[in-house]
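Structure data (mmCIF, C-alpha atoms) from run.cif:
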```cif
data_model
#
loop_
_atom_site.label_atom_id
_atom_site.label_comp_id
_atom_site.auth_asym_id
_atom_site.auth_seq_id
_atom_site.Cartn_x
_atom_site.Cartn_y
_atom_site.Cartn_z
CA MET W 233 22.83 -5.99 12.60
CA LYS W 234 19.44 -6.13 10.86
CA LEU W 235 19.25 -6.20 7.10
CA ASN W 236 17.47 -3.59 5.03
CA GLN W 237 13.69 -3.45 5.15
CA ARG W 238 11.22 -3.61 2.28
CA ASP W 239 10.68 -0.67 -0.05
CA HIS W 240 9.10 -1.02 -3.48
CA GLY W 241 7.89 0.69 -6.58
CA GLY W 242 4.25 0.44 -7.48
CA GLY W 243 1.74 1.92 -5.05
CA LEU W 244 -0.36 3.49 -7.77
CA ASP W 245 -3.49 3.38 -5.61
CA ALA W 246 -1.80 5.63 -3.02
CA ALA W 247 -0.76 8.04 -5.78
CA ILE W 248 -4.33 8.21 -7.06
CA ALA W 249 -5.60 8.86 -3.53
CA ARG W 250 -3.22 11.83 -3.24
CA TRP W 251 -3.30 13.36 -6.73
CA GLY W 252 -6.63 12.13 -8.08
CA GLY W 253 -7.59 10.58 -11.36
CA THR W 254 -8.39 6.97 -12.24
CA ARG W 255 -6.05 4.09 -12.97
CA ASP W 256 -6.56 4.36 -16.71
CA SER W 257 -5.54 8.05 -16.64
CA TRP W 258 -2.18 7.29 -15.00
CA LEU W 259 1.06 6.28 -16.66
CA ASP W 260 2.88 3.97 -14.23
CA LEU W 261 6.66 4.21 -14.75
CA SER W 262 7.50 3.09 -11.23
CA THR W 263 8.35 -0.49 -12.22
CA GLY W 264 10.76 -2.07 -14.69
CA ILE W 265 8.14 -4.13 -16.50
CA ASN W 266 8.08 -4.28 -20.29
CA PRO W 267 5.10 -2.06 -21.28
CA VAL W 268 4.45 -4.11 -24.43
CA PRO W 269 3.71 -7.58 -23.05
CA TYR W 270 3.96 -10.88 -24.84
CA PRO W 271 0.67 -11.54 -26.71
CA VAL W 272 -0.94 -14.31 -24.70
CA GLY W 273 -3.58 -15.44 -27.19
CA ALA W 274 -6.35 -17.92 -26.50
CA LEU W 275 -5.73 -20.72 -24.01
CA PRO W 276 -7.05 -24.29 -24.18
CA ASP W 277 -9.91 -24.95 -21.77
CA ASP W 278 -7.96 -27.57 -19.82
CA ALA W 279 -5.31 -24.98 -18.89
CA TRP W 280 -8.00 -23.61 -16.58
CA THR W 281 -9.94 -26.71 -15.61
CA ALA W 282 -7.39 -29.51 -15.17
CA LEU W 283 -4.61 -29.97 -12.66
CA PRO W 284 -1.31 -29.17 -14.43
CA ASP W 285 0.01 -32.37 -15.95
CA GLU W 286 3.55 -33.64 -16.45
CA ALA W 287 3.60 -32.91 -20.16
CA ALA W 288 2.82 -29.22 -19.65
CA GLN W 289 5.48 -28.96 -16.95
CA ASN W 290 8.07 -30.72 -19.10
CA ARG W 291 7.32 -28.45 -22.05
CA LEU W 292 7.89 -25.35 -19.91
CA ASP W 293 11.07 -26.78 -18.41
CA MET W 294 12.53 -27.65 -21.81
CA ALA W 295 11.64 -24.25 -23.24
CA ALA W 296 13.31 -22.54 -20.28
CA ARG W 297 16.44 -24.68 -20.60
CA ARG W 298 16.80 -23.86 -24.29
CA PHE W 299 16.04 -20.16 -23.91
CA TRP W 300 18.56 -19.61 -21.11
CA SER W 301 21.14 -22.22 -22.22
CA VAL W 302 20.91 -23.98 -18.86
CA PRO W 303 23.80 -26.42 -18.26
CA ASP W 304 22.77 -30.06 -18.58
CA ASP W 305 23.85 -30.86 -15.03
CA ALA W 306 21.91 -27.96 -13.46
CA ALA W 307 18.40 -28.48 -12.13
CA LEU W 308 15.53 -26.09 -12.91
CA LEU W 309 12.39 -25.31 -10.93
CA ALA W 310 9.43 -23.20 -12.08
CA ALA W 311 7.60 -21.39 -9.29
CA PRO W 312 4.69 -18.96 -8.76
CA GLY W 313 6.86 -15.88 -9.17
CA ALA W 314 10.45 -15.01 -8.30
CA SER W 315 9.27 -13.48 -5.02
CA ALA W 316 8.09 -16.88 -3.80
CA LEU W 317 11.58 -18.25 -4.43
CA ILE W 318 13.34 -15.27 -2.82
CA ALA W 319 11.38 -15.87 0.37
CA LYS W 320 12.46 -19.51 0.59
CA ILE W 321 16.05 -19.46 -0.65
CA PRO W 322 17.68 -18.30 2.66
CA SER W 323 16.46 -21.50 4.33
CA LEU W 324 18.56 -23.65 1.99
CA TRP W 325 21.85 -22.88 3.80
CA PRO W 326 22.89 -22.81 7.48
CA ARG W 327 22.31 -19.31 8.90
CA GLY W 328 25.29 -16.98 9.11
CA LYS W 329 26.40 -13.74 7.49
CA VAL W 330 25.17 -12.63 4.09
CA ARG W 331 26.67 -9.93 1.92
CA ILE W 332 24.15 -7.85 -0.03
CA ASP W 333 25.76 -4.74 -1.49
CA ALA W 334 23.48 -1.71 -1.43
CA PRO W 335 21.73 -0.16 -3.17
CA THR W 336 19.86 -3.09 -4.65
CA TYR W 337 16.50 -4.82 -4.69
CA ASN W 338 15.69 -5.00 -1.00
CA GLU W 339 13.40 -8.04 -0.94
CA HIS W 340 16.51 -10.22 -0.68
CA ALA W 341 17.66 -8.50 2.50
CA ALA W 342 14.19 -8.79 3.99
CA ALA W 343 14.05 -12.53 3.23
CA PHE W 344 17.46 -13.24 4.78
CA ASP W 345 16.54 -11.09 7.78
CA ILE W 346 13.35 -13.06 8.40
CA ALA W 347 15.31 -16.31 8.12
CA GLY W 348 17.69 -15.20 10.88
CA TRP W 349 20.74 -14.14 8.89
CA THR W 350 22.84 -11.06 9.66
CA GLN W 351 24.65 -8.77 7.26
CA GLY W 352 28.34 -9.37 6.74
CA THR W 353 30.90 -11.16 4.60
CA GLY W 354 31.59 -14.85 4.70
CA ASP W 355 28.77 -17.36 4.39
CA ALA W 356 26.48 -16.13 1.62
CA MET W 357 26.15 -13.45 -1.01
CA VAL W 358 23.34 -12.02 -3.13
CA VAL W 359 23.99 -10.20 -6.40
CA VAL W 360 21.29 -8.68 -8.60
CA HIS W 361 22.62 -8.98 -12.16
CA PRO W 362 22.06 -6.44 -13.65
CA ASN W 363 21.52 -4.52 -10.47
CA ASN W 364 18.34 -2.69 -9.62
CA PRO W 365 18.38 0.34 -9.74
CA ASP W 366 21.79 1.23 -11.24
CA GLY W 367 22.16 -1.56 -13.84
CA ARG W 368 25.56 -2.79 -12.62
CA PHE W 369 26.68 -6.16 -14.00
CA TRP W 370 28.75 -8.56 -11.92
CA VAL W 371 31.52 -10.94 -13.00
CA LYS W 372 32.43 -14.42 -11.81
CA SER W 373 35.41 -13.21 -9.78
CA ASN W 374 33.03 -11.07 -7.65
CA LEU W 375 31.25 -14.17 -6.37
CA THR W 376 33.32 -15.28 -3.41
CA ALA W 377 30.82 -16.74 -0.93
CA PRO W 378 30.14 -20.49 -0.56
CA PHE W 379 26.40 -19.85 -1.06
CA THR W 380 25.59 -17.30 -3.77
CA LEU W 381 22.27 -16.20 -5.22
CA ILE W 382 22.47 -14.53 -8.64
CA ASP W 383 19.24 -12.68 -9.36
CA GLU W 384 18.91 -12.30 -13.13
CA SER W 385 15.37 -10.91 -13.11
CA PHE W 386 16.38 -8.17 -15.58
CA CYS W 387 19.08 -10.04 -17.51
CA ASP W 388 16.93 -11.08 -20.46
CA ILE W 389 17.66 -7.72 -22.07
CA ALA W 390 21.35 -8.75 -22.23
CA PRO W 391 21.58 -12.56 -22.51
CA ASN W 392 25.26 -12.40 -23.41
CA GLN W 393 25.92 -11.08 -19.89
CA SER W 394 24.16 -13.98 -18.13
CA LEU W 395 26.02 -15.99 -15.50
CA ILE W 396 23.83 -19.03 -16.12
CA ALA W 397 26.94 -21.15 -16.77
CA LEU W 398 27.63 -20.99 -13.02
CA SER W 399 24.27 -22.51 -12.12
CA SER W 400 25.62 -26.05 -11.87
CA ASP W 401 28.40 -25.03 -9.45
CA PRO W 402 27.96 -26.07 -5.81
CA GLY W 403 26.19 -23.42 -3.73
CA ARG W 404 25.08 -21.31 -6.72
CA ILE W 405 21.49 -20.46 -7.63
CA VAL W 406 20.44 -18.31 -10.59
CA LEU W 407 17.02 -16.68 -10.30
CA LYS W 408 14.93 -15.79 -13.36
CA SER W 409 11.78 -13.66 -13.42
CA PHE W 410 9.26 -14.04 -16.21
CA GLY W 411 7.24 -10.91 -15.47
CA LYS W 412 9.83 -8.24 -16.35
CA PHE W 413 11.03 -8.94 -19.91
CA TRP W 414 7.78 -10.53 -21.12
CA GLY W 415 5.69 -7.86 -19.39
CA LEU W 416 3.40 -10.37 -17.65
CA ALA W 417 4.06 -9.71 -13.98
CA GLY W 418 0.50 -10.72 -13.07
CA LEU W 419 1.14 -14.25 -14.36
CA ARG W 420 3.42 -14.90 -11.35
CA LEU W 421 6.09 -17.10 -12.89
CA GLY W 422 9.73 -17.40 -11.89
CA PHE W 423 12.55 -19.93 -12.07
CA ALA W 424 15.36 -21.13 -9.83
CA ILE W 425 18.30 -22.84 -11.54
CA GLY W 426 21.11 -24.49 -9.64
CA PRO W 427 22.65 -27.73 -8.34
CA THR W 428 20.26 -30.60 -7.83
CA ASP W 429 20.45 -30.69 -4.03
CA LEU W 430 19.44 -27.04 -3.58
CA ILE W 431 16.75 -27.07 -6.26
CA ASN W 432 15.21 -30.28 -4.92
CA ALA W 433 15.06 -28.71 -1.46
CA LEU W 434 13.16 -25.77 -2.95
CA ARG W 435 10.91 -28.18 -4.84
CA ASP W 436 9.98 -29.93 -1.60
CA GLN W 437 9.04 -26.60 -0.01
CA LEU W 438 6.75 -25.59 -2.88
CA GLY W 439 4.86 -28.85 -3.03
CA PRO W 440 2.91 -30.24 -6.02
CA TRP W 441 1.50 -28.07 -8.82
CA PRO W 442 3.28 -24.84 -7.86
CA VAL W 443 2.63 -23.25 -11.27
CA SER W 444 -0.88 -22.79 -12.64
CA GLY W 445 -2.03 -24.34 -15.91
CA PRO W 446 -2.34 -20.96 -17.68
CA ALA W 447 1.17 -19.97 -16.52
CA LEU W 448 2.61 -23.24 -17.82
CA GLU W 449 1.03 -22.71 -21.24
CA ILE W 450 1.83 -19.00 -21.59
CA GLY W 451 5.35 -19.39 -20.21
CA ALA W 452 6.18 -22.18 -22.66
CA ARG W 453 4.79 -20.23 -25.63
CA ALA W 454 6.78 -17.14 -24.76
CA LEU W 455 10.05 -18.94 -24.08
CA GLU W 456 9.74 -20.79 -27.39
CA ASP W 457 9.17 -17.54 -29.33
CA LEU W 458 12.76 -16.50 -30.02
CA ALA W 459 11.79 -14.05 -32.76
CA TRP W 460 9.60 -12.06 -30.33
CA ALA W 461 12.46 -11.98 -27.81
CA HIS W 462 14.90 -10.62 -30.40
CA GLU W 463 12.48 -7.96 -31.65
CA THR W 464 11.68 -6.94 -28.09
CA ARG W 465 15.34 -6.44 -27.17
CA VAL W 466 15.77 -4.16 -30.18
CA ARG W 467 12.68 -2.12 -29.29
CA LEU W 468 13.56 -1.83 -25.60
CA ALA W 469 17.07 -0.59 -26.43
CA GLN W 470 15.64 2.05 -28.77
CA ASP W 471 13.06 3.15 -26.21
CA ALA W 472 15.66 3.40 -23.44
CA GLN W 473 17.71 5.72 -25.65
CA ARG W 474 14.59 7.76 -26.42
CA LEU W 475 13.91 8.17 -22.69
CA ASP W 476 17.51 9.27 -22.11
CA ARG W 477 17.11 11.94 -24.77
CA LEU W 478 13.91 13.22 -23.16
CA MET W 479 15.59 13.43 -19.77
CA THR W 480 18.74 15.20 -20.96
CA ARG W 481 17.49 18.65 -19.86
CA HIS W 482 16.19 17.39 -16.52
CA GLY W 483 18.84 15.15 -15.04
CA THR W 484 21.99 13.10 -15.44
CA LEU W 485 21.91 9.43 -16.32
CA VAL W 486 23.23 7.34 -13.40
CA GLY W 487 22.61 3.92 -14.90
CA GLY W 488 19.88 1.37 -15.42
CA THR W 489 18.93 -1.24 -18.00
CA ASP W 490 16.83 -1.29 -21.16
CA LEU W 491 13.78 -1.84 -18.91
CA PHE W 492 14.34 1.09 -16.55
CA ARG W 493 16.60 4.15 -16.30
CA LEU W 494 18.04 5.85 -13.22
CA TYR W 495 18.59 9.63 -13.22
CA ASP W 496 20.05 12.19 -10.85
CA VAL W 497 17.52 15.05 -10.86
CA LYS W 498 18.91 16.91 -7.78
CA ASP W 499 15.53 16.90 -5.97
CA ALA W 500 13.85 13.55 -6.53
CA SER W 501 10.78 14.26 -4.41
CA ALA W 502 10.03 17.49 -6.26
CA PHE W 503 10.50 15.80 -9.62
CA GLN W 504 8.21 12.94 -8.62
CA ASN W 505 5.60 15.51 -7.52
CA ARG W 506 5.86 17.28 -10.85
CA LEU W 507 5.27 14.06 -12.78
CA ALA W 508 2.46 12.99 -10.45
CA GLN W 509 0.56 16.19 -11.16
CA ALA W 510 0.56 15.03 -14.79
CA ARG W 511 -0.69 11.56 -13.70
CA ILE W 512 2.71 9.88 -14.13
CA TRP W 513 4.01 7.69 -11.33
CA SER W 514 7.75 7.20 -10.80
CA ARG W 515 10.13 5.57 -8.34
CA ILE W 516 12.25 7.37 -5.75
CA PHE W 517 14.35 5.87 -2.98
CA PRO W 518 14.65 6.38 0.80
CA TYR W 519 18.46 6.24 0.56
CA SER W 520 18.84 9.01 -2.05
CA ASP W 521 17.12 12.39 -2.30
CA ARG W 522 18.48 12.87 -5.85
CA TRP W 523 17.70 9.65 -7.73
CA ILE W 524 14.55 8.88 -9.67
CA ARG W 525 13.93 5.70 -11.64
CA LEU W 526 11.68 5.62 -14.69
CA GLY W 527 10.38 2.60 -16.52
CA LEU W 528 9.59 2.77 -20.23
CA PRO W 529 6.25 4.14 -21.43
CA SER W 530 3.95 2.16 -23.67
CA SER W 531 3.49 3.46 -27.21
CA LYS W 532 0.49 5.52 -26.02
CA GLY W 533 2.36 6.84 -22.99
CA TRP W 534 5.17 8.73 -24.70
CA SER W 535 3.05 11.78 -25.50
CA GLN W 536 1.88 12.01 -21.88
CA LEU W 537 5.46 11.90 -20.63
CA GLU W 538 6.73 14.37 -23.24
CA ALA W 539 3.98 16.82 -22.28
CA ALA W 540 4.83 16.51 -18.59
CA LEU W 541 8.52 17.18 -19.21
#
```
In structure tokens, write the structure found in this file.
Amino acid sequence: MKLNQRDHGGGLDAAIARWGGTRDSWLDLSTGINPVPYPVGALPDDAWTALPDEAAQNRLDMAARRFWSVPDDAALLAAPGASALIAKIPSLWPRGKVRIDAPTYNEHAAAFDIAGWTQGTGDAMVVVHPNNPDGRFWVKSNLTAPFTLIDESFCDIAPNQSLIALSSDPGRIVLKSFGKFWGLAGLRLGFAIGPTDLINALRDQLGPWPVSGPALEIGARALEDLAWAHETRVRLAQDAQRLDRLMTRHGTLVGGTDLFRLYDVKDASAFQNRLAQARIWSRIFPYSDRWIRLGLPSSKGWSQLEAAL
């Protein structure tokens, strides 16, 4: 049995081709990316001109370990985006059956499919924690497979829910995405955390200098800035509640996180069309004709959304 195929948010260019306008006239709510990104600031010249050195890598690694409370006996690997890790992780374990409960982020199923796995229970398991798109959190007792990938790409909004303590257990890998919470998806930075044997196997596949100099510098700055992280969690929670209030007359809250919300609007395609006519892009799903997912607007985007609704 083949696993699910790829289907993503984004696609703003296609929306513009259909409904018109320019990129700067559109409000893209189709992703779960923080609309108020971490302030990058100026970078030293050698972040651009020199090969990334050991000191820069060590600084990023230490900042990541402190920020996520990584167990001392777990290994950590920075990579050029979580997607690069997702594509390689299925090769770390002998092929067999993998359990990936739907609905969820479908890039995992595509990666296991390409690697020759089939869907089923027994050998491996993938959990997205919290789940995309419904925001479900998992617990340790759910994780029953010998090889388990825990995708915490959206978990930085709720660090107390993290399963990072399991990352040193045999056959466990925790995946972290930098682009979502810090709002810097274009930086392409992600992390795999797990037992040394699995992480070293991933390290060998990526080769030397997998993370660019600018990403090393910006990632370390952001992970060291605990005050910004705290303030951002407060703001995201307030904005998620504001979005729920706006949507009260239009649909029923199904779930989500403080980075995106999932609503039942009865006719998702019609609702997406309505928003698109107001130059607002949203996310609907091939497996549900009722669900629509909305990310959070930037401070300038709220009035555009309120007018459309």
_I want to know what sits within 9 Å of W:Gly483, based on all atoms listed in the file, with residues of the same chain fewer than 6 positions away left out; could you give that as a list in words?_
Tyr495, Asp496, Val497 and Lys498 of chain W
Expected selection from the PyMOL selection byres ((chain W and resi 503-509) around 9), given as a PDB file with C-alpha atoms, in the coordinates of the input:
```
ATOM      1  CA  ALA W 247      -0.760   8.040  -5.780  1.00  0.00           C
ATOM      2  CA  ILE W 248      -4.330   8.210  -7.060  1.00  0.00           C
ATOM      3  CA  TRP W 251      -3.300  13.360  -6.730  1.00  0.00           C
ATOM      4  CA  GLY W 252      -6.630  12.130  -8.080  1.00  0.00           C
ATOM      5  CA  TRP W 258      -2.180   7.290 -15.000  1.00  0.00           C
ATOM      6  CA  VAL W 497      17.520  15.050 -10.860  1.00  0.00           C
ATOM      7  CA  LYS W 498      18.910  16.910  -7.780  1.00  0.00           C
ATOM      8  CA  ASP W 499      15.530  16.900  -5.970  1.00  0.00           C
ATOM      9  CA  ALA W 500      13.850  13.550  -6.530  1.00  0.00           C
ATOM     10  CA  SER W 501      10.780  14.260  -4.410  1.00  0.00           C
ATOM     11  CA  ALA W 502      10.030  17.490  -6.260  1.00  0.00           C
ATOM     12  CA  ALA W 510       0.560  15.030 -14.790  1.00  0.00           C
ATOM     13  CA  ARG W 511      -0.690  11.560 -13.700  1.00  0.00           C
ATOM     14  CA  ILE W 512       2.710   9.880 -14.130  1.00  0.00           C
ATOM     15  CA  TRP W 513       4.010   7.690 -11.330  1.00  0.00           C
ATOM     16  CA  SER W 514       7.750   7.200 -10.800  1.00  0.00           C
ATOM     17  CA  ARG W 515      10.130   5.570  -8.340  1.00  0.00           C
ATOM     18  CA  ILE W 516      12.250   7.370  -5.750  1.00  0.00           C
ATOM     19  CA  ILE W 524      14.550   8.880  -9.670  1.00  0.00           C
ATOM     20  CA  LEU W 537       5.460  11.900 -20.630  1.00  0.00           C
ATOM     21  CA  ALA W 540       4.830  16.510 -18.590  1.00  0.00           C
ATOM     22  CA  LEU W 541       8.520  17.180 -19.210  1.00  0.00           C
TER      23      LEU W 541
END
```
*asked:* Quick check, in Å to one decimal: how far apart do atom CA of W:Ala390 and atom CA of W:Ser301 lie?
replied: 13.5 Å
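Once W:Asp293 and its same-chain neighbours fewer than 2 positions away are set aside, Gln289, Asn290, Arg291, Ala295, Ala296, Arg297, Leu308, Leu309, Ala310 and Ala452 of chain W remain within 8 Å of it when counting all atoms listed in the file.
The nearest approach to W:His361 among the residues W:Arg467, W:Lys408, W:Arg298, W:Arg255, with all atoms listed in the file taken into account, belongs to W:Lys408.
Between atom CA of W:Leu455 and atom CA of W:Pro391 the interatomic distance comes to 13.3 Å.
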*What is the atom CA of W:Leu283 to atom CA of W:Gly418 distance in Å?*
19.9 Å
*Considering all atoms listed in the file, state which residue in the set W:Leu244, W:Arg435, W:Ala356, W:Arg453 is at the smallest distance from W:Ser257.*
W:Leu244
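What the PyMOL selection byres ((chain W and resi 331) around 7) grabs from this file is Lys329, Val330, Ile332, Asp333, Gln351, Gly352, Thr353, Ala356, Met357 and Val358 of chain W.
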